[in-house]
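First up is the structure itself, then whatever we jot down about it.
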Amino acid sequence: MDEGYNSLPSTHLLGSVPAVVADDKRPAVDEARTGSHSNLHVFPPANGGYQAPGTPYETGGNEQATTNWKGVLSISSYSPYFNVDTDNVVDRILSSMNPLQGDFRRKIDSYPDLYGPVWISTTLVFMLAALGNCGTYLMNRKSVPDTAWVFDVNYVNWAASVVYGYALLVPVAFYFLLQYFGCSASLTRFWCLWGYSLFIFIPSSLLLVFPDEFLRWLIILVAGAASSVFIGINLKSYTEGSDMMVMCVSAMVLQFVLALFIKFFFYA
């Protein structure tokens, strides 16, 4: 028996050890990575701030995760909400452009992000301010050829107030309404949902520059309808088992009103 044991190649014995160790470590790494994403739907952040992987909160220790408003004042609390890959953002944008696919909630259910909504809202603000001025100038020049170019700085203020206010406050309002009626809701998921719903207005704002009133109405109606359906379908998934159709319709109407406001104010 000793001779048979000694006859085994030493490289075989040494080579098998790292493989066993690596296999033992891999589940722990995956578990820590999954744990860091599993609480992103909670807002305010638990325990007053972001818990790094490996802490008792993340590894399922005895420390109880508590939600409190101290995390709002901690910059580190928001870092996991912006830790998202470009592929994830693009995938969620494509889902928002195709609302009938109905897979957006599944994509953000365990890992909602705020990077996409912030980037989309900021881009839309600058697009509306710049292209709104350009579209208004082209439309006026079409009727009065000698119209002088004037950049209206108020477009920037209005665009920032409306877009940021809408993306921030409307999800908060529906979150508390659903909580009041006993429905399960997540504030970060709602911010993520409403933020991505605004993306369709970015390419629309570019197309609205063309000085053709019929084409402008066609573009804004299609964009408003698609964005409203996207909100309605995803919000309905949070109200299953409850008679909350009125709330879903109200959210869709608000989204369509936003589209009409963009048309009337920035591309009149």
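Please note that chains go A, B, ... in the order of the structure tokens, that every chain numbers its residues from 1, and that ligands are numbered from 1 in the order shown.
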So which residues touch region 215-218 of chain A within 12 Å, counting only C-alpha atoms, skipping near sequence neighbours fewer than 3 positions away, as a ChimeraX atom specification?
-> /A:135-136,139,204-212,221-225,259-260,262-264,266-268
Sel. of helix (DSSP H, G or I) residues, region 95-154 of chain A, as number ranges by chain = A: 95-97, 99-101, 104-108, 115-143, 154
Keeping only C-alpha atoms, write those residues as a PDB file, in the first residue's frame.
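Once written, result_12.pdb looks like this:
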```pdb
ATOM      1  CA  SER A  95     -36.858  47.537 -22.024  1.00  0.00           C
ATOM      2  CA  SER A  96     -38.243  51.008 -21.351  1.00  0.00           C
ATOM      3  CA  MET A  97     -38.468  51.607 -25.102  1.00  0.00           C
ATOM      4  CA  PRO A  99     -43.045  48.519 -22.738  1.00  0.00           C
ATOM      5  CA  LEU A 100     -45.125  45.599 -24.032  1.00  0.00           C
ATOM      6  CA  GLN A 101     -42.228  43.235 -23.382  1.00  0.00           C
ATOM      7  CA  PHE A 104     -38.412  45.644 -16.774  1.00  0.00           C
ATOM      8  CA  ARG A 105     -39.503  44.872 -13.215  1.00  0.00           C
ATOM      9  CA  ARG A 106     -37.703  41.527 -13.340  1.00  0.00           C
ATOM     10  CA  LYS A 107     -34.499  43.306 -14.345  1.00  0.00           C
ATOM     11  CA  ILE A 108     -34.607  45.807 -11.459  1.00  0.00           C
ATOM     12  CA  TYR A 115     -27.270  55.842 -12.175  1.00  0.00           C
ATOM     13  CA  GLY A 116     -29.592  55.420 -15.149  1.00  0.00           C
ATOM     14  CA  PRO A 117     -32.336  57.724 -13.833  1.00  0.00           C
ATOM     15  CA  VAL A 118     -29.858  60.479 -12.894  1.00  0.00           C
ATOM     16  CA  TRP A 119     -28.060  60.272 -16.238  1.00  0.00           C
ATOM     17  CA  ILE A 120     -31.331  60.180 -18.200  1.00  0.00           C
ATOM     18  CA  SER A 121     -32.851  63.113 -16.286  1.00  0.00           C
ATOM     19  CA  THR A 122     -29.741  65.268 -16.639  1.00  0.00           C
ATOM     20  CA  THR A 123     -29.417  64.503 -20.346  1.00  0.00           C
ATOM     21  CA  LEU A 124     -33.086  65.290 -20.907  1.00  0.00           C
ATOM     22  CA  VAL A 125     -32.725  68.648 -19.137  1.00  0.00           C
ATOM     23  CA  PHE A 126     -29.932  69.778 -21.446  1.00  0.00           C
ATOM     24  CA  MET A 127     -31.641  68.348 -24.528  1.00  0.00           C
ATOM     25  CA  LEU A 128     -34.885  70.188 -23.817  1.00  0.00           C
ATOM     26  CA  ALA A 129     -33.114  73.445 -23.017  1.00  0.00           C
ATOM     27  CA  ALA A 130     -30.896  73.415 -26.110  1.00  0.00           C
ATOM     28  CA  LEU A 131     -33.140  71.753 -28.680  1.00  0.00           C
ATOM     29  CA  GLY A 132     -36.236  73.526 -27.403  1.00  0.00           C
ATOM     30  CA  ASN A 133     -34.644  76.855 -28.257  1.00  0.00           C
ATOM     31  CA  CYS A 134     -33.516  75.511 -31.609  1.00  0.00           C
ATOM     32  CA  GLY A 135     -36.939  74.066 -32.433  1.00  0.00           C
ATOM     33  CA  THR A 136     -38.719  77.276 -31.515  1.00  0.00           C
ATOM     34  CA  TYR A 137     -36.308  79.292 -33.666  1.00  0.00           C
ATOM     35  CA  LEU A 138     -36.807  77.025 -36.697  1.00  0.00           C
ATOM     36  CA  MET A 139     -40.570  77.130 -36.352  1.00  0.00           C
ATOM     37  CA  ASN A 140     -40.571  80.941 -36.089  1.00  0.00           C
ATOM     38  CA  ARG A 141     -38.137  81.233 -38.988  1.00  0.00           C
ATOM     39  CA  LYS A 142     -40.481  79.127 -41.100  1.00  0.00           C
ATOM     40  CA  SER A 143     -43.232  81.717 -40.762  1.00  0.00           C
ATOM     41  CA  ASN A 154     -35.448  80.218 -18.867  1.00  0.00           C
TER      42      ASN A 154
END
```
